Amino acid sequence: YFDLGTTVAVGAQYFRIGNTQDGYTTLGMLVGSLTIQALVTFATGQGLLAAMVTLCGGKPMLDTYNVLADQPLGAAGSVNPVRALALTRMQELVLDALPQTFHQLSVLVQLEYGERDYLLWFSLVFSGLSIGYVAVVFEFDIDTDLNYRKLFARIHGYIPSNSRMQKVAVAAGIMCWIMGFLAARMLVMAVLGIGNAEMFGIWVGAELVLFMVARAVVEGTFRSYQAGLDSVPASLFTNVFLYVGALGMPLPFARFPGAYGPTLFVPWVLCVLTLNPAMLLFGLSLEGSSRIEFTEGQLLLTLTGATAVALAGAAMMAAAMNPSHRRSFLGWLSLKQYVAELWETRTYAPVGSGIDASRAHLLKFSR
């Protein structure tokens, strides 16, 4: 609720300094995000209670209670509580934290020095810290879960289990990676959007199409292989959802086949980090960039610092993770190939044991 409260406070601050349009945009984005999250919660079978709690911004607390409780509230018992909590965190990141960070940064760089209230700086910094923290918690919840490590051993298990120092190093690496990448990417996107909204739309649209084509080449089809997401509308939403997440926070989890996969993960992030300086300079060359109150030197220095933090975080994470799983970040592997591999070799299943029980799980997991 603290993050939600700061968003409301920032919206109120925009009204106080006369930026009524930005105030309405901030609050409208918040309401829209909660509404979409509630619809997704209900559509995924978590029940009406969970959907109503989501509308009030309390879904993370409900999911945390259901993970710890013997008797989950509402219809959550029909959904894996760990999976429900992970989905909630992903939705909050992609549908709320990321758009709010982009919008608030876009407003901040256009404000004159005297209008840059401490609350606006605090909200922006807190959003970055919140995104980094949620990313770390999400990764640890999924990767250290024994069930997931047995189900998908080739992917999950990169976080060390025995060394506390290595765990801390991986957590710090994830935090720095996500926050640095987020700051760099949101800065150049904001500059381009301010420079020319039409050019911003063309750039983002071209990236989205390229992302979808690349995934289709790797997976062999545009449509998702995962059960429940294999319809055309759901597959389109999945592609857009993954792309929006890739804009500012490429989680290590996204190397799972069917998302970016190990095939696209490293090439995508390297391509983005390499293009950021050119994208920033291009945005500054556009007519609308005259509204930006920061100098070109300040923006380039900020971009350089953010990129350095991201690369340092990636290096720290790679050095501290289990060596056996470094290869899971590279290589050609589609979800179809991975499921076919598991079909022949895996004997573990959430319910039952043996290869038949494992195959029964895979039939529900993918089409």
# chains A, B, ... in the order shown; residues from 1 in each chain; ligands from 1

call {"tool": "residues_around", "arguments": {"residues": "A:Ile155", "least_positions_apart": "2", "cutoff": "7 Å", "atoms": "only C-alpha atoms", "output": "MDAnalysis selection string"}}
result
chainID A and resid 152:153 157 256 328

call {"tool": "closest_residue", "arguments": {"among": "A:Ile174, A:Met249, A:Ala86, A:Leu281", "to": "A:Thr101", "atoms": "only C-alpha atoms"}}
result
A:Met249

call {"tool": "atom_distance", "arguments": {"atom1": "atom CA of A:Tyr14", "atom2": "atom CA of A:Met61"}}
result
29.1 Å

call {"tool": "residues_around", "arguments": {"residues": "stretch 350-361 of chain A", "least_positions_apart": "4", "cutoff": "12 Å", "atoms": "only C-alpha atoms", "output": "list in words"}}
result
Asn80, Leu146, Asn147, Tyr148, Arg149, Lys150, Leu151, Phe152, Ala227, Val339, Ala340, Glu341, Leu342, Trp343, Glu344, Thr345, Arg346, Phe365, Ser366 and Arg367 of chain A

call {"tool": "select_by_dssp", "arguments": {"residues": "stretch 124-287 of chain A", "states": "alpha helix (DSSP H)", "output": "ChimeraX atom specification"}}
result
/A:124-143,146-151,164-195,197-219,232-248,261-285

call {"tool": "atom_distance", "arguments": {"atom1": "atom CA of A:Gly57", "atom2": "atom CA of A:Leu34"}}
result
6.8 Å

call {"tool": "atom_distance", "arguments": {"atom1": "atom CA of A:Met279", "atom2": "atom CA of A:Asn196"}}
result
12.3 Å

call {"tool": "closest_residue", "arguments": {"among": "A:Leu284, A:Met179, A:Ile17, A:Leu49", "to": "A:Leu311", "atoms": "only C-alpha atoms"}}
result
A:Met179

call {"tool": "residues_around", "arguments": {"residues": "A:Ser33", "least_positions_apart": "3", "cutoff": "7 Å", "atoms": "only C-alpha atoms", "output": "PyMOL selection string"}}
result
chain A and resi 29-30+36-37+95-96

call {"tool": "write_last_selection", "arguments": {"atoms": "C-alpha atoms", "output": "mmCIF file, in the first residue's frame"}}
result
data_model
loop_
_atom_site.group_PDB
_atom_site.id
_atom_site.type_symbol
_atom_site.label_atom_id
_atom_site.label_comp_id
_atom_site.auth_asym_id
_atom_site.auth_seq_id
_atom_site.Cartn_x
_atom_site.Cartn_y
_atom_site.Cartn_z
ATOM 1 C CA MET A 29 -3.140 4.803 -14.893
ATOM 2 C CA LEU A 30 -3.433 3.573 -11.313
ATOM 3 C CA ILE A 36 -6.873 -4.954 -15.481
ATOM 4 C CA GLN A 37 -5.207 -6.860 -12.646
ATOM 5 C CA LEU A 95 0.950 -3.051 -15.456
ATOM 6 C CA ASP A 96 1.651 -0.563 -12.664
#

call {"tool": "residues_around", "arguments": {"residues": "A:Lys167", "least_positions_apart": "3", "cutoff": "12 Å", "atoms": "only C-alpha atoms", "output": "number ranges by chain"}}
result
A: 136-137, 139-140, 143-144, 157-164, 170-174, 316-322

call {"tool": "write_last_selection", "arguments": {"atoms": "N, CA, C and O atoms", "output": "compact mmCIF listing (two decimals), in the first residue's frame"}}
result
# COMPACT_ATOMS: atom_id res chain seq x y z
N VAL A 136 13.75 -9.28 -7.10
CA VAL A 136 14.56 -10.19 -6.30
C VAL A 136 13.68 -11.22 -5.59
O VAL A 136 13.95 -12.43 -5.62
N VAL A 137 12.61 -10.75 -4.96
CA VAL A 137 11.70 -11.65 -4.24
C VAL A 137 11.06 -12.65 -5.21
O VAL A 137 10.96 -13.85 -4.91
N GLU A 139 12.25 -13.74 -8.10
CA GLU A 139 13.24 -14.72 -8.54
C GLU A 139 13.53 -15.75 -7.46
O GLU A 139 13.62 -16.95 -7.74
N PHE A 140 13.67 -15.29 -6.22
CA PHE A 140 13.97 -16.23 -5.13
C PHE A 140 12.78 -17.14 -4.85
O PHE A 140 12.97 -18.34 -4.57
N ASP A 143 12.81 -19.59 -8.11
CA ASP A 143 14.01 -20.39 -8.37
C ASP A 143 14.39 -21.30 -7.21
O ASP A 143 14.98 -22.36 -7.43
N THR A 144 14.08 -20.89 -5.98
CA THR A 144 14.46 -21.72 -4.82
C THR A 144 13.35 -22.69 -4.41
O THR A 144 13.56 -23.49 -3.50
N GLY A 157 17.24 -23.18 -10.44
CA GLY A 157 18.32 -23.69 -9.61
C GLY A 157 19.60 -22.88 -9.73
O GLY A 157 20.64 -23.31 -9.25
N TYR A 158 19.51 -21.70 -10.35
CA TYR A 158 20.74 -20.90 -10.51
C TYR A 158 21.13 -20.19 -9.22
O TYR A 158 22.29 -19.82 -9.03
N ILE A 159 20.18 -20.00 -8.30
CA ILE A 159 20.49 -19.36 -7.02
C ILE A 159 21.05 -20.40 -6.06
O ILE A 159 20.41 -21.43 -5.81
N PRO A 160 22.24 -20.17 -5.50
CA PRO A 160 22.86 -21.16 -4.60
C PRO A 160 22.00 -21.41 -3.36
O PRO A 160 21.36 -20.49 -2.84
N SER A 161 22.00 -22.63 -2.89
CA SER A 161 21.20 -23.00 -1.71
C SER A 161 22.03 -23.04 -0.43
O SER A 161 21.48 -22.84 0.66
N ASN A 162 23.32 -23.29 -0.55
CA ASN A 162 24.13 -23.54 0.64
C ASN A 162 24.90 -22.33 1.15
O ASN A 162 25.14 -22.22 2.35
N SER A 163 25.32 -21.44 0.28
CA SER A 163 26.15 -20.30 0.67
C SER A 163 25.31 -19.04 0.84
O SER A 163 24.72 -18.54 -0.12
N ARG A 164 25.27 -18.52 2.06
CA ARG A 164 24.52 -17.29 2.33
C ARG A 164 25.14 -16.11 1.59
O ARG A 164 24.42 -15.26 1.05
N VAL A 170 23.95 -12.80 -5.34
CA VAL A 170 22.99 -12.96 -6.44
C VAL A 170 21.85 -11.95 -6.29
O VAL A 170 21.43 -11.32 -7.27
N ALA A 171 21.34 -11.79 -5.06
CA ALA A 171 20.26 -10.83 -4.82
C ALA A 171 20.70 -9.41 -5.16
O ALA A 171 19.96 -8.66 -5.82
N ALA A 172 21.91 -9.03 -4.72
CA ALA A 172 22.43 -7.70 -5.04
C ALA A 172 22.63 -7.54 -6.54
O ALA A 172 22.36 -6.47 -7.11
N GLY A 173 23.08 -8.62 -7.19
CA GLY A 173 23.27 -8.57 -8.63
C GLY A 173 21.96 -8.37 -9.37
O GLY A 173 21.88 -7.56 -10.31
N ILE A 174 20.91 -9.10 -8.97
CA ILE A 174 19.59 -8.94 -9.60
C ILE A 174 19.08 -7.52 -9.40
O ILE A 174 18.57 -6.88 -10.33
N MET A 316 27.98 -9.56 -11.31
CA MET A 316 27.90 -10.06 -9.94
C MET A 316 27.00 -11.30 -9.87
O MET A 316 27.34 -12.30 -9.23
N MET A 317 25.88 -11.24 -10.55
CA MET A 317 24.94 -12.35 -10.56
C MET A 317 25.56 -13.58 -11.22
O MET A 317 25.45 -14.70 -10.72
N ALA A 318 26.25 -13.37 -12.36
CA ALA A 318 26.86 -14.48 -13.08
C ALA A 318 27.98 -15.14 -12.26
O ALA A 318 28.13 -16.36 -12.28
N ALA A 319 28.74 -14.32 -11.53
CA ALA A 319 29.86 -14.86 -10.75
C ALA A 319 29.38 -15.66 -9.55
O ALA A 319 30.02 -16.65 -9.17
N ALA A 320 28.24 -15.26 -8.95
CA ALA A 320 27.79 -15.89 -7.71
C ALA A 320 26.82 -17.03 -7.92
O ALA A 320 26.60 -17.84 -7.01
N MET A 321 26.20 -17.15 -9.09
CA MET A 321 25.21 -18.19 -9.31
C MET A 321 25.86 -19.56 -9.40
O MET A 321 27.08 -19.67 -9.53
N ASN A 322 25.04 -20.59 -9.34
CA ASN A 322 25.55 -21.96 -9.50
C ASN A 322 26.12 -22.12 -10.91
O ASN A 322 25.42 -21.87 -11.90

call {"tool": "closest_residue", "arguments": {"among": "A:Ala259, A:Leu273, A:Ala310, A:Cys56", "to": "A:Ser334", "atoms": "only C-alpha atoms"}}
result
A:Ala259

call {"tool": "closest_residue", "arguments": {"among": "A:Ala306, A:Val191, A:Leu286, A:Leu27", "to": "A:Phe15", "atoms": "only C-alpha atoms"}}
result
A:Leu27

call {"tool": "closest_residue", "arguments": {"among": "A:Tyr118, A:Phe329, A:Phe181, A:Tyr113", "to": "A:Ile131", "atoms": "only C-alpha atoms"}}
result
A:Phe181

call {"tool": "residues_around", "arguments": {"residues": "A:Gln104", "least_positions_apart": "2", "cutoff": "10 Å", "atoms": "only C-alpha atoms", "output": "JSON, numbers by chain"}}
result
{"A": [7, 10, 11, 22, 26, 99, 100, 101, 102, 106, 107, 108, 109, 120, 121, 123, 124, 127, 190]}

call {"tool": "closest_residue", "arguments": {"among": "A:Glu115, A:Glu207, A:Glu219, A:Asp63", "to": "A:Arg89", "atoms": "only C-alpha atoms"}}
result
A:Asp63
